[in-house]
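Data file: start-v8.txt. Format and content: compact mmCIF, C-alpha atoms.
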```
# COMPACT_ATOMS: atom_id res chain seq x y z
CA MET A 1309 -29.10 16.34 -25.36
CA GLU A 1310 -27.94 12.76 -25.66
CA ARG A 1311 -24.77 11.00 -24.50
CA ILE A 1312 -23.28 9.23 -27.50
CA GLY A 1313 -19.95 8.04 -26.10
CA SER A 1314 -17.87 7.66 -22.94
CA LYS A 1315 -14.20 6.89 -22.34
CA MET A 1316 -12.59 6.29 -18.90
CA VAL A 1317 -9.36 8.29 -18.70
CA TYR A 1318 -8.42 7.92 -15.01
CA GLU A 1319 -9.48 5.40 -12.37
CA GLY A 1320 -8.23 6.08 -8.85
CA ARG A 1321 -9.41 4.99 -5.44
CA ILE A 1322 -12.19 7.57 -5.26
CA ALA A 1323 -11.90 9.69 -8.39
CA ARG A 1324 -12.85 8.28 -11.76
CA VAL A 1325 -12.60 10.67 -14.68
CA ARG A 1326 -14.44 10.09 -17.96
CA ILE A 1327 -14.60 11.97 -21.24
CA ASP A 1328 -18.23 11.80 -22.37
CA ARG A 1329 -19.42 12.87 -25.83
CA PHE A 1330 -22.86 14.54 -26.21
CA ARG A 1331 -25.10 15.44 -29.11
CA TYR A 1332 -27.35 18.49 -28.65
CA PRO A 1333 -30.69 19.27 -30.28
CA GLY A 1334 -29.74 20.62 -33.71
CA GLY A 1335 -26.88 18.16 -34.12
CA ALA A 1336 -23.87 19.90 -32.55
CA GLU A 1337 -21.57 17.62 -30.57
CA ALA A 1338 -19.24 18.31 -27.65
CA GLU A 1339 -17.04 16.45 -25.19
CA ARG A 1340 -17.22 16.92 -21.43
CA GLU A 1341 -14.85 15.77 -18.72
CA VAL A 1342 -16.88 14.18 -15.92
CA VAL A 1343 -15.65 13.14 -12.46
CA GLY A 1344 -17.62 10.04 -11.50
CA HIS A 1345 -19.02 9.58 -7.99
CA PRO A 1346 -21.33 6.95 -6.44
CA GLY A 1347 -23.42 9.56 -4.58
CA ALA A 1348 -23.69 10.24 -0.87
CA VAL A 1349 -26.09 10.76 2.04
CA ALA A 1350 -26.06 13.24 4.93
CA ILE A 1351 -28.22 13.23 8.05
CA VAL A 1352 -29.75 16.03 10.15
CA ALA A 1353 -30.23 14.01 13.37
CA HIS A 1354 -31.66 15.65 16.48
CA ASP A 1355 -33.50 15.02 19.71
CA ASP A 1356 -35.16 17.56 22.00
CA ARG A 1357 -31.89 19.14 23.01
CA HIS A 1358 -29.15 18.43 20.49
CA LEU A 1359 -28.20 18.14 16.88
CA TYR A 1360 -25.56 15.46 16.31
CA LEU A 1361 -22.76 16.96 14.24
CA VAL A 1362 -19.22 15.75 13.60
CA ARG A 1363 -15.86 17.40 13.22
CA GLN A 1364 -13.61 15.73 10.70
CA PRO A 1365 -10.27 16.42 9.01
CA ARG A 1366 -10.80 17.25 5.32
CA GLU A 1367 -7.44 16.90 3.71
CA ALA A 1368 -8.61 18.07 0.27
CA VAL A 1369 -9.46 21.57 1.43
CA ALA A 1370 -8.19 22.61 4.81
CA GLU A 1371 -5.63 22.14 7.49
CA GLU A 1372 -8.34 22.27 10.14
CA ALA A 1373 -11.21 19.85 10.70
CA LEU A 1374 -14.63 20.89 9.33
CA LEU A 1375 -17.97 20.92 11.16
CA GLU A 1376 -20.37 18.68 9.22
CA LEU A 1377 -23.47 16.52 9.33
CA PRO A 1378 -22.84 12.79 9.70
CA ALA A 1379 -22.57 11.55 6.12
CA GLY A 1380 -21.11 8.93 3.85
CA LYS A 1381 -20.65 7.74 0.31
CA LEU A 1382 -22.95 5.16 -1.33
CA ASP A 1383 -20.06 2.75 -1.69
CA MET A 1384 -21.62 -0.54 -0.55
CA PRO A 1385 -23.02 -2.49 -3.54
CA GLY A 1386 -26.76 -3.08 -3.22
CA GLU A 1387 -27.25 -0.84 -0.18
CA SER A 1388 -30.11 1.67 -0.51
CA PRO A 1389 -29.47 5.36 0.29
CA LEU A 1390 -31.67 5.10 3.41
CA ASP A 1391 -29.82 2.00 4.66
CA CYS A 1392 -26.54 3.81 4.02
CA ALA A 1393 -27.83 6.76 6.08
CA ARG A 1394 -28.83 4.41 8.94
CA ARG A 1395 -25.40 2.80 8.86
CA GLU A 1396 -23.52 6.11 8.80
CA LEU A 1397 -25.59 7.54 11.66
CA ALA A 1398 -24.75 4.49 13.78
CA GLU A 1399 -21.08 4.38 12.79
CA GLU A 1400 -20.37 8.09 13.07
CA VAL A 1401 -22.46 9.24 16.05
CA GLY A 1402 -23.69 5.98 17.61
CA LYS A 1403 -27.40 6.71 17.11
CA ALA A 1404 -30.39 4.91 15.59
CA ALA A 1405 -33.50 6.81 14.44
CA SER A 1406 -37.11 5.63 14.20
CA ASP A 1407 -38.28 8.42 11.85
CA TRP A 1408 -36.68 9.34 8.56
CA LEU A 1409 -37.68 12.09 6.13
CA GLU A 1410 -35.95 12.94 2.86
CA LEU A 1411 -35.32 16.71 2.91
CA LYS A 1412 -33.59 17.29 -0.44
CA ARG A 1413 -31.59 15.79 -3.30
CA PHE A 1414 -28.97 17.88 -5.05
CA TYR A 1415 -25.72 17.76 -6.99
CA THR A 1416 -22.65 19.11 -5.18
CA SER A 1417 -20.93 20.45 -8.31
CA PRO A 1418 -22.87 19.62 -11.48
CA GLY A 1419 -20.43 21.47 -13.74
CA PHE A 1420 -17.87 18.70 -13.48
CA ALA A 1421 -18.81 15.98 -10.97
CA GLU A 1422 -21.74 13.57 -10.90
CA GLU A 1423 -22.00 13.39 -7.09
CA GLU A 1424 -25.63 13.54 -5.91
CA VAL A 1425 -26.37 13.92 -2.19
CA ILE A 1426 -29.59 13.00 -0.40
CA VAL A 1427 -30.10 14.83 2.92
CA TYR A 1428 -32.34 13.15 5.49
CA LEU A 1429 -33.95 14.35 8.70
CA ALA A 1430 -33.66 11.67 11.40
CA THR A 1431 -35.66 11.82 14.63
CA GLY A 1432 -36.83 9.41 17.33
CA LEU A 1433 -33.18 8.87 18.27
CA GLU A 1434 -31.81 6.24 20.61
CA ASP A 1435 -28.35 4.84 21.17
CA ALA A 1436 -27.37 2.40 18.45
CA ARG A 1437 -26.32 -1.10 19.42
CA ALA A 1438 -22.97 -0.82 17.65
CA GLU A 1439 -20.28 1.48 19.00
CA PRO A 1440 -19.22 4.38 16.81
CA GLN A 1441 -16.20 3.51 14.69
CA GLU A 1442 -13.05 5.06 16.04
CA GLU A 1443 -10.70 4.92 13.08
CA LYS A 1444 -12.09 7.82 11.10
CA ARG A 1445 -10.43 10.65 13.08
CA LEU A 1446 -13.93 11.96 13.57
CA GLU A 1447 -15.14 13.78 16.66
CA VAL A 1448 -18.86 13.66 17.57
CA MET A 1449 -20.24 17.09 18.45
CA PRO A 1450 -23.61 17.09 20.28
CA TRP A 1451 -24.67 20.62 19.38
CA PRO A 1452 -27.33 22.44 21.44
CA LEU A 1453 -30.40 23.13 19.29
CA GLU A 1454 -30.59 26.71 20.49
CA GLU A 1455 -27.15 27.29 18.98
CA LEU A 1456 -28.21 26.30 15.46
CA GLU A 1457 -27.30 29.76 14.12
CA ALA A 1458 -23.69 29.31 15.26
CA ALA A 1459 -23.50 25.96 13.45
CA ILE A 1460 -24.79 27.55 10.24
CA GLU A 1461 -22.28 30.37 10.65
CA GLU A 1462 -19.35 27.99 11.10
CA CYS A 1463 -20.35 25.37 8.54
CA ARG A 1464 -18.39 25.42 5.27
CA ASP A 1465 -19.50 22.12 3.71
CA SER A 1466 -22.25 22.31 1.10
CA LYS A 1467 -24.30 19.26 2.11
CA SER A 1468 -24.18 20.19 5.80
CA LEU A 1469 -25.05 23.80 5.12
CA ILE A 1470 -28.05 22.81 2.98
CA GLY A 1471 -29.24 20.38 5.67
CA LEU A 1472 -28.90 22.95 8.45
CA LEU A 1473 -30.60 25.73 6.44
CA LEU A 1474 -33.53 23.44 5.57
CA PHE A 1475 -33.76 22.32 9.21
CA ARG A 1476 -33.87 25.94 10.42
CA GLU A 1477 -36.81 26.49 8.10
CA LEU A 1478 -38.63 23.35 9.31
CA ARG A 1479 -38.29 24.41 12.96
CA ARG A 1480 -40.13 27.65 12.18
CA ARG A 1481 -43.23 25.95 10.81
CA MET B 1225 -2.32 17.62 10.25
CA GLU B 1226 0.37 18.52 7.76
CA ARG B 1227 0.73 17.84 4.02
CA ILE B 1228 4.09 16.22 3.47
CA GLY B 1229 3.90 15.25 -0.18
CA SER B 1230 1.86 15.60 -3.40
CA LYS B 1231 1.95 13.80 -6.73
CA MET B 1232 -0.13 14.72 -9.81
CA VAL B 1233 -1.68 11.54 -11.25
CA TYR B 1234 -4.11 12.95 -13.86
CA GLU B 1235 -4.28 16.33 -15.59
CA GLY B 1236 -7.31 16.87 -17.79
CA ARG B 1237 -9.01 19.96 -19.10
CA ILE B 1238 -10.93 20.61 -15.88
CA ALA B 1239 -10.11 17.74 -13.55
CA ARG B 1240 -6.67 17.43 -11.99
CA VAL B 1241 -6.21 14.55 -9.60
CA ARG B 1242 -3.41 14.46 -7.02
CA ILE B 1243 -2.35 11.96 -4.41
CA ASP B 1244 -1.39 13.98 -1.32
CA ARG B 1245 0.35 12.51 1.71
CA PHE B 1246 -0.50 13.80 5.20
CA ARG B 1247 0.99 13.42 8.67
CA TYR B 1248 -1.45 13.62 11.59
CA PRO B 1249 -0.79 14.70 15.18
CA GLY B 1250 0.77 11.64 16.79
CA GLY B 1251 2.75 10.73 13.68
CA ALA B 1252 0.39 8.53 11.63
CA GLU B 1253 0.54 9.12 7.88
CA ALA B 1254 -2.07 8.61 5.16
CA GLU B 1255 -2.57 9.30 1.46
CA ARG B 1256 -5.62 11.07 0.06
CA GLU B 1257 -6.80 11.40 -3.52
CA VAL B 1258 -7.71 15.04 -4.16
CA VAL B 1259 -9.51 16.48 -7.19
CA GLY B 1260 -8.06 19.92 -7.79
CA HIS B 1261 -10.27 22.90 -8.64
CA PRO B 1262 -9.55 26.65 -9.02
CA GLY B 1263 -12.70 27.65 -7.07
CA ALA B 1264 -15.86 29.36 -8.28
CA VAL B 1265 -18.31 32.19 -7.66
CA ALA B 1266 -22.12 32.33 -7.78
CA ILE B 1267 -24.37 35.39 -7.70
CA VAL B 1268 -27.81 36.03 -6.17
CA ALA B 1269 -28.74 39.03 -8.35
CA HIS B 1270 -32.11 40.72 -7.94
CA ASP B 1271 -34.00 43.94 -8.48
CA ASP B 1272 -37.43 44.91 -7.07
CA ARG B 1273 -39.25 42.34 -9.13
CA HIS B 1274 -36.95 39.55 -10.28
CA LEU B 1275 -34.14 37.21 -9.40
CA TYR B 1276 -31.90 36.51 -12.39
CA LEU B 1277 -31.44 32.76 -12.70
CA VAL B 1278 -30.17 30.65 -15.57
CA ARG B 1279 -31.05 27.28 -17.02
CA GLN B 1280 -28.08 25.35 -18.30
CA PRO B 1281 -27.35 21.83 -19.58
CA ARG B 1282 -25.22 19.93 -17.04
CA GLU B 1283 -23.86 16.97 -18.91
CA ALA B 1284 -22.16 15.44 -15.83
CA VAL B 1285 -25.40 14.79 -14.01
CA ALA B 1286 -28.60 15.07 -15.98
CA GLU B 1287 -30.25 14.87 -19.33
CA GLU B 1288 -32.21 18.02 -18.56
CA ALA B 1289 -30.93 21.55 -17.97
CA LEU B 1290 -30.64 22.67 -14.32
CA LEU B 1291 -31.96 25.87 -12.75
CA GLU B 1292 -29.01 27.72 -11.20
CA LEU B 1293 -27.59 31.02 -10.09
CA PRO B 1294 -25.28 32.73 -12.58
CA ALA B 1295 -21.83 31.40 -11.72
CA GLY B 1296 -18.40 30.64 -13.03
CA LYS B 1297 -15.01 29.17 -12.30
CA LEU B 1298 -12.03 31.27 -11.16
CA ASP B 1299 -10.14 30.38 -14.29
CA MET B 1300 -8.69 33.74 -15.36
CA PRO B 1301 -5.18 34.20 -13.92
CA GLY B 1302 -4.98 37.24 -11.63
CA GLU B 1303 -8.72 37.93 -11.59
CA SER B 1304 -10.19 38.42 -8.10
CA PRO B 1305 -13.32 36.45 -7.08
CA LEU B 1306 -15.39 39.67 -7.08
CA ASP B 1307 -14.16 40.66 -10.57
CA CYS B 1308 -14.96 37.14 -11.73
CA ALA B 1309 -18.49 37.51 -10.29
CA ARG B 1310 -18.93 40.87 -12.10
CA ARG B 1311 -17.77 39.31 -15.36
CA GLU B 1312 -20.02 36.26 -15.03
CA LEU B 1313 -23.07 38.37 -14.16
CA ALA B 1314 -22.51 40.45 -17.30
CA GLU B 1315 -21.74 37.48 -19.56
CA GLU B 1316 -24.50 35.20 -18.33
CA VAL B 1317 -27.44 37.53 -17.65
CA GLY B 1318 -26.32 40.87 -19.13
CA LYS B 1319 -26.45 42.80 -15.84
CA ALA B 1320 -24.08 45.04 -13.85
CA ALA B 1321 -24.56 45.59 -10.10
CA SER B 1322 -23.53 48.58 -7.95
CA ASP B 1323 -23.75 46.74 -4.59
CA TRP B 1324 -22.02 43.49 -3.75
CA LEU B 1325 -22.14 41.52 -0.49
CA GLU B 1326 -20.37 38.24 0.21
CA LEU B 1327 -23.00 35.87 1.62
CA LYS B 1328 -20.98 32.70 2.24
CA ARG B 1329 -17.88 30.66 1.38
CA PHE B 1330 -18.06 26.89 1.36
CA TYR B 1331 -16.58 23.73 -0.14
CA THR B 1332 -18.85 21.83 -2.55
CA SER B 1333 -17.50 18.37 -1.66
CA PRO B 1334 -14.63 18.54 0.84
CA GLY B 1335 -14.27 14.77 1.07
CA PHE B 1336 -12.57 14.58 -2.31
CA ALA B 1337 -12.51 17.91 -4.18
CA GLU B 1338 -10.90 21.23 -3.29
CA GLU B 1339 -13.52 23.42 -4.98
CA GLU B 1340 -14.47 26.43 -2.84
CA VAL B 1341 -17.42 28.61 -3.85
CA ILE B 1342 -18.07 32.21 -2.83
CA VAL B 1343 -21.73 33.27 -3.11
CA TYR B 1344 -22.43 36.98 -3.54
CA LEU B 1345 -25.57 39.07 -3.28
CA ALA B 1346 -25.68 41.63 -6.12
CA THR B 1347 -28.13 44.56 -6.10
CA GLY B 1348 -28.39 47.96 -7.73
CA LEU B 1349 -28.75 46.23 -11.10
CA GLU B 1350 -28.64 47.83 -14.52
CA ASP B 1351 -28.10 46.47 -17.99
CA ALA B 1352 -24.45 45.69 -18.65
CA ARG B 1353 -22.76 47.30 -21.63
CA ALA B 1354 -21.70 43.96 -23.09
CA GLU B 1355 -24.27 41.58 -24.51
CA PRO B 1356 -24.69 38.24 -22.77
CA GLN B 1357 -22.57 35.56 -24.41
CA GLU B 1358 -24.65 33.28 -26.54
CA GLU B 1359 -22.43 30.26 -26.96
CA LYS B 1360 -22.94 28.69 -23.56
CA ARG B 1361 -26.30 27.02 -24.25
CA LEU B 1362 -27.56 28.99 -21.30
CA GLU B 1363 -31.05 30.41 -20.96
CA VAL B 1364 -31.60 33.51 -18.78
CA MET B 1365 -34.59 33.10 -16.45
CA PRO B 1366 -35.90 36.35 -14.88
CA TRP B 1367 -37.68 34.77 -11.92
CA PRO B 1368 -40.43 36.69 -10.04
CA LEU B 1369 -39.32 37.34 -6.46
CA GLU B 1370 -42.67 36.20 -5.10
CA GLU B 1371 -41.98 32.77 -6.60
CA LEU B 1372 -38.74 32.25 -4.65
CA GLU B 1373 -40.16 29.14 -2.94
CA ALA B 1374 -40.69 27.47 -6.31
CA ALA B 1375 -37.08 28.18 -7.28
CA ILE B 1376 -35.84 26.62 -4.03
CA GLU B 1377 -38.09 23.63 -4.63
CA GLU B 1378 -36.80 23.09 -8.16
CA CYS B 1379 -33.13 23.85 -7.54
CA ARG B 1380 -30.79 20.82 -7.39
CA ASP B 1381 -27.39 22.54 -7.52
CA SER B 1382 -25.61 23.04 -4.18
CA LYS B 1383 -24.22 26.54 -4.71
CA SER B 1384 -27.54 27.83 -6.07
CA LEU B 1385 -29.53 26.19 -3.30
CA ILE B 1386 -27.29 27.70 -0.62
CA GLY B 1387 -27.54 31.14 -2.24
CA LEU B 1388 -31.34 30.96 -2.50
CA LEU B 1389 -31.79 29.67 1.07
CA LEU B 1390 -29.58 32.46 2.46
CA PHE B 1391 -31.43 35.01 0.32
CA ARG B 1392 -34.81 33.82 1.67
CA GLU B 1393 -33.49 34.40 5.18
CA LEU B 1394 -32.20 37.89 4.33
CA ARG B 1395 -35.57 38.93 2.90
CA ARG B 1396 -37.24 38.14 6.22
CA ARG B 1397 -35.08 40.48 8.23
```

Starting from the coordinates I provided, produce the structure as C-alpha cells.
Amino acid sequence: MERIGSKMVYEGRIARVRIDRFRYPGGAEAEREVVGHPGAVAIVAHDDRHLYLVRQPREAVAEEALLELPAGKLDMPGESPLDCARRELAEEVGKAASDWLELKRFYTSPGFAEEEVIVYLATGLEDARAEPQEEKRLEVMPWPLEELEAAIEECRDSKSLIGLLLFRELRRR
Amino acid sequence: MERIGSKMVYEGRIARVRIDRFRYPGGAEAEREVVGHPGAVAIVAHDDRHLYLVRQPREAVAEEALLELPAGKLDMPGESPLDCARRELAEEVGKAASDWLELKRFYTSPGFAEEEVIVYLATGLEDARAEPQEEKRLEVMPWPLEELEAAIEECRDSKSLIGLLLFRELRRR
C-alpha cells in the first residue's frame, strides 16, 4: 500500500493526530486515523545482584504507580536512540553502562499509534556522574535478580514486560 | 494521586484526546494529555500442530503487513472481553475454542494512552460456524508450532510479542 495524503487534525503537547489516506494494491483507497509519536527507548539494566527498575505514576491508566523499566521518549532533536537510552538511564536511575545490546524493536499499538520502542540490555554498570532527576515523581527500585519472576508477574507495561521476558530468556542461555 | 478534572479536546473515529488534571499527595497539581481507548483483546490460539497468526496491513507504522495474533478492540457496547475474543477468533481465523485462559493484562503505552490489552490462550479448537470476514485485508497464517522462535523473531507488535513470549514459557512447563 502507499500513503497518498496526510492531514493533521489535532496537535497537543504529546498527542498529534493525523488522518492519512492510503491506496492499496488493486486501487482501493481508505483513510486511517494515526496518533503520531516520536518513538521511545527502554533499558534492561542489571549488575550481578540487581535489575534497576522504576515505579512511576501513570495518570493515563491507573491510580497507582506502575513498575517499569527506565525509559523515555525520543524527544530531543538529533539525539540517537542509544544516546537517549544512556541519558534516561542516568537521569532515572543514576547509572552509566559500558555495554549496550539492542534486544528488540516493536510497535506498542500499531492499529492506531506510530510509537516504536527499542529495548536495550545495559551491563557494565557504574554510578553516573549526574544525579538522578528528582522532579519526575519516579522511585528507583533496585530489584534482586533472583526475584525476576515477581517483577514479570507485577509488570503491566508492554515495553517493560517485553524487556523482562526477553531478559529471562537470555539468562537461561 | 486523584483525578480532579477532565476536558475532551479531540474526538475522532478511534482517537479521543483528553486533558486530565491530577492532584498528587502533598497537594501539587498537574495536567496530562491522555489518548482514550476502549481496550483490546488478543488470542494465542493453537492446536497440536499450528498457531493461528494473521498478517495485516498496519497503516500507522509500516508499509508492509505485520505478523500478529488475532485481536480486536472492545468496541461493541456490553460485550465482555472474553466474548470479544471469541468473536475475533471466529471472524479473523475462522476458529472456535473450548478452553480459554487469561495469560496477562497490560497497558500498551501507559505514558500517554489508556489502552489495556488482555491476552488469552485458546485451545480445544474447531472450525467456527461463521466464515472468516474477508473485508479486513487480513491473511490467516497457520504457523507450525515448531517454528515458534521464527514468529517471535519476526513479530514487531507488542501484544503479539507478549502473547508469544508467554506461550513459549508455558510450553516448557

### Task
Fewer than 2 positions away in the same chain doesn't count, so skip those; otherwise give me all residues within 10 Å of segment 1386-1389 of chain B, counting all atoms listed in the file, as an NGL selection string.
(:A and (1466-1467 or 1469-1471 or 1473-1474 or 1477)) or (:B and (1266-1268 or 1275 or 1292-1293 or 1327-1328 or 1330 or 1342-1345 or 1372-1373 or 1375-1376 or 1379 or 1381-1384 or 1391-1394))

Can you spit out the residues from that selection as an mmCIF file, in the coordinates of the input, using C-alpha atoms?
```cif
data_model
loop_
_atom_site.group_PDB
_atom_site.id
_atom_site.type_symbol
_atom_site.label_atom_id
_atom_site.label_comp_id
_atom_site.auth_asym_id
_atom_site.auth_seq_id
_atom_site.Cartn_x
_atom_site.Cartn_y
_atom_site.Cartn_z
ATOM 1 C CA SER A 1466 -22.250 22.310 1.100
ATOM 2 C CA LYS A 1467 -24.300 19.260 2.110
ATOM 3 C CA LEU A 1469 -25.050 23.800 5.120
ATOM 4 C CA ILE A 1470 -28.050 22.810 2.980
ATOM 5 C CA GLY A 1471 -29.240 20.380 5.670
ATOM 6 C CA LEU A 1473 -30.600 25.730 6.440
ATOM 7 C CA LEU A 1474 -33.530 23.440 5.570
ATOM 8 C CA GLU A 1477 -36.810 26.490 8.100
ATOM 9 C CA ALA B 1266 -22.120 32.330 -7.780
ATOM 10 C CA ILE B 1267 -24.370 35.390 -7.700
ATOM 11 C CA VAL B 1268 -27.810 36.030 -6.170
ATOM 12 C CA LEU B 1275 -34.140 37.210 -9.400
ATOM 13 C CA GLU B 1292 -29.010 27.720 -11.200
ATOM 14 C CA LEU B 1293 -27.590 31.020 -10.090
ATOM 15 C CA LEU B 1327 -23.000 35.870 1.620
ATOM 16 C CA LYS B 1328 -20.980 32.700 2.240
ATOM 17 C CA PHE B 1330 -18.060 26.890 1.360
ATOM 18 C CA ILE B 1342 -18.070 32.210 -2.830
ATOM 19 C CA VAL B 1343 -21.730 33.270 -3.110
ATOM 20 C CA TYR B 1344 -22.430 36.980 -3.540
ATOM 21 C CA LEU B 1345 -25.570 39.070 -3.280
ATOM 22 C CA LEU B 1372 -38.740 32.250 -4.650
ATOM 23 C CA GLU B 1373 -40.160 29.140 -2.940
ATOM 24 C CA ALA B 1375 -37.080 28.180 -7.280
ATOM 25 C CA ILE B 1376 -35.840 26.620 -4.030
ATOM 26 C CA CYS B 1379 -33.130 23.850 -7.540
ATOM 27 C CA ASP B 1381 -27.390 22.540 -7.520
ATOM 28 C CA SER B 1382 -25.610 23.040 -4.180
ATOM 29 C CA LYS B 1383 -24.220 26.540 -4.710
ATOM 30 C CA SER B 1384 -27.540 27.830 -6.070
ATOM 31 C CA PHE B 1391 -31.430 35.010 0.320
ATOM 32 C CA ARG B 1392 -34.810 33.820 1.670
ATOM 33 C CA GLU B 1393 -33.490 34.400 5.180
ATOM 34 C CA LEU B 1394 -32.200 37.890 4.330
#
```

At most 9 Å to chain A: residues in chain B, only C-alpha atoms, as a PDB file with C-alpha atoms, in the frame of the given file:
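Below you can see out-v9.pdb, which holds the result:
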```pdb
ATOM      1  CA  MET B1225      -2.320  17.620  10.250  1.00  0.00           C
ATOM      2  CA  GLU B1226       0.370  18.520   7.760  1.00  0.00           C
ATOM      3  CA  ARG B1227       0.730  17.840   4.020  1.00  0.00           C
ATOM      4  CA  VAL B1233      -1.680  11.540 -11.250  1.00  0.00           C
ATOM      5  CA  TYR B1234      -4.110  12.950 -13.860  1.00  0.00           C
ATOM      6  CA  GLY B1236      -7.310  16.870 -17.790  1.00  0.00           C
ATOM      7  CA  ARG B1237      -9.010  19.960 -19.100  1.00  0.00           C
ATOM      8  CA  ILE B1238     -10.930  20.610 -15.880  1.00  0.00           C
ATOM      9  CA  ALA B1239     -10.110  17.740 -13.550  1.00  0.00           C
ATOM     10  CA  VAL B1241      -6.210  14.550  -9.600  1.00  0.00           C
ATOM     11  CA  ASP B1244      -1.390  13.980  -1.320  1.00  0.00           C
ATOM     12  CA  PHE B1246      -0.500  13.800   5.200  1.00  0.00           C
ATOM     13  CA  ARG B1256      -5.620  11.070   0.060  1.00  0.00           C
ATOM     14  CA  GLU B1257      -6.800  11.400  -3.520  1.00  0.00           C
ATOM     15  CA  VAL B1258      -7.710  15.040  -4.160  1.00  0.00           C
ATOM     16  CA  VAL B1259      -9.510  16.480  -7.190  1.00  0.00           C
ATOM     17  CA  GLY B1260      -8.060  19.920  -7.790  1.00  0.00           C
ATOM     18  CA  PRO B1281     -27.350  21.830 -19.580  1.00  0.00           C
ATOM     19  CA  ARG B1282     -25.220  19.930 -17.040  1.00  0.00           C
ATOM     20  CA  GLU B1283     -23.860  16.970 -18.910  1.00  0.00           C
ATOM     21  CA  ALA B1284     -22.160  15.440 -15.830  1.00  0.00           C
ATOM     22  CA  VAL B1285     -25.400  14.790 -14.010  1.00  0.00           C
ATOM     23  CA  ALA B1286     -28.600  15.070 -15.980  1.00  0.00           C
ATOM     24  CA  GLU B1287     -30.250  14.870 -19.330  1.00  0.00           C
ATOM     25  CA  GLU B1288     -32.210  18.020 -18.560  1.00  0.00           C
ATOM     26  CA  LEU B1290     -30.640  22.670 -14.320  1.00  0.00           C
ATOM     27  CA  LYS B1328     -20.980  32.700   2.240  1.00  0.00           C
ATOM     28  CA  ARG B1329     -17.880  30.660   1.380  1.00  0.00           C
ATOM     29  CA  PHE B1330     -18.060  26.890   1.360  1.00  0.00           C
ATOM     30  CA  TYR B1331     -16.580  23.730  -0.140  1.00  0.00           C
ATOM     31  CA  THR B1332     -18.850  21.830  -2.550  1.00  0.00           C
ATOM     32  CA  SER B1333     -17.500  18.370  -1.660  1.00  0.00           C
ATOM     33  CA  PRO B1334     -14.630  18.540   0.840  1.00  0.00           C
ATOM     34  CA  GLY B1335     -14.270  14.770   1.070  1.00  0.00           C
ATOM     35  CA  PHE B1336     -12.570  14.580  -2.310  1.00  0.00           C
ATOM     36  CA  ALA B1337     -12.510  17.910  -4.180  1.00  0.00           C
ATOM     37  CA  GLU B1338     -10.900  21.230  -3.290  1.00  0.00           C
ATOM     38  CA  GLU B1339     -13.520  23.420  -4.980  1.00  0.00           C
ATOM     39  CA  GLU B1340     -14.470  26.430  -2.840  1.00  0.00           C
ATOM     40  CA  GLU B1377     -38.090  23.630  -4.630  1.00  0.00           C
ATOM     41  CA  CYS B1379     -33.130  23.850  -7.540  1.00  0.00           C
ATOM     42  CA  ARG B1380     -30.790  20.820  -7.390  1.00  0.00           C
ATOM     43  CA  ASP B1381     -27.390  22.540  -7.520  1.00  0.00           C
ATOM     44  CA  SER B1382     -25.610  23.040  -4.180  1.00  0.00           C
ATOM     45  CA  LYS B1383     -24.220  26.540  -4.710  1.00  0.00           C
ATOM     46  CA  LEU B1385     -29.530  26.190  -3.300  1.00  0.00           C
ATOM     47  CA  ILE B1386     -27.290  27.700  -0.620  1.00  0.00           C
ATOM     48  CA  LEU B1389     -31.790  29.670   1.070  1.00  0.00           C
ATOM     49  CA  LEU B1390     -29.580  32.460   2.460  1.00  0.00           C
TER      50      LEU B1390
END
```

Centre, edges in Å (one decimal): axis-aligned box, segment 1389-1392 of chain A, 4 Å padding on all six sides, as lines of an AutoDock Vina configuration file:
```
center_x = -29.1
center_y = 3.7
center_z = 2.5
size_x = 13.1
size_y = 11.4
size_z = 12.4
```

### Message
With distances taken over only C-alpha atoms, which residue among B:His1274, B:Arg1247, B:Lys1231, B:Arg1397 lies nearest Met1365 of chain B?
### Response
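Of B:His1274, B:Arg1247, B:Lys1231, B:Arg1397, the one nearest Met1365 of chain B, counting only C-alpha atoms, is B:His1274.
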
### Task
For segment 1385-1402 of chain A, list every protein, DNA or RNA residue within 8 Å, evaluated using only C-alpha atoms, and leave out those in the same chain fewer than 5 positions away; present the list as a list in words.
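Surrounding residues, per the criterion: Ala1348, Val1349, Ala1350, Ile1351, Tyr1360, Leu1361, Val1362, Pro1378, Ala1379, Gly1380, Ile1426, Tyr1428, Asp1435, Ala1436, Arg1437, Ala1438, Glu1439, Pro1440, Gln1441, Leu1446 and Val1448 of chain A.
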
### Query
Could you state the separation of atom CA of Arg1395 of chain B and atom CA of Glu1350 of chain B in Å, given to one decimal place?
20.8 Å

### Task
For atom CA of Pro1366 of chain B and atom CA of Gly1263 of chain B, determine how far apart the two atoms are, in Å to one decimal place.
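It comes out at 26.0 Å.
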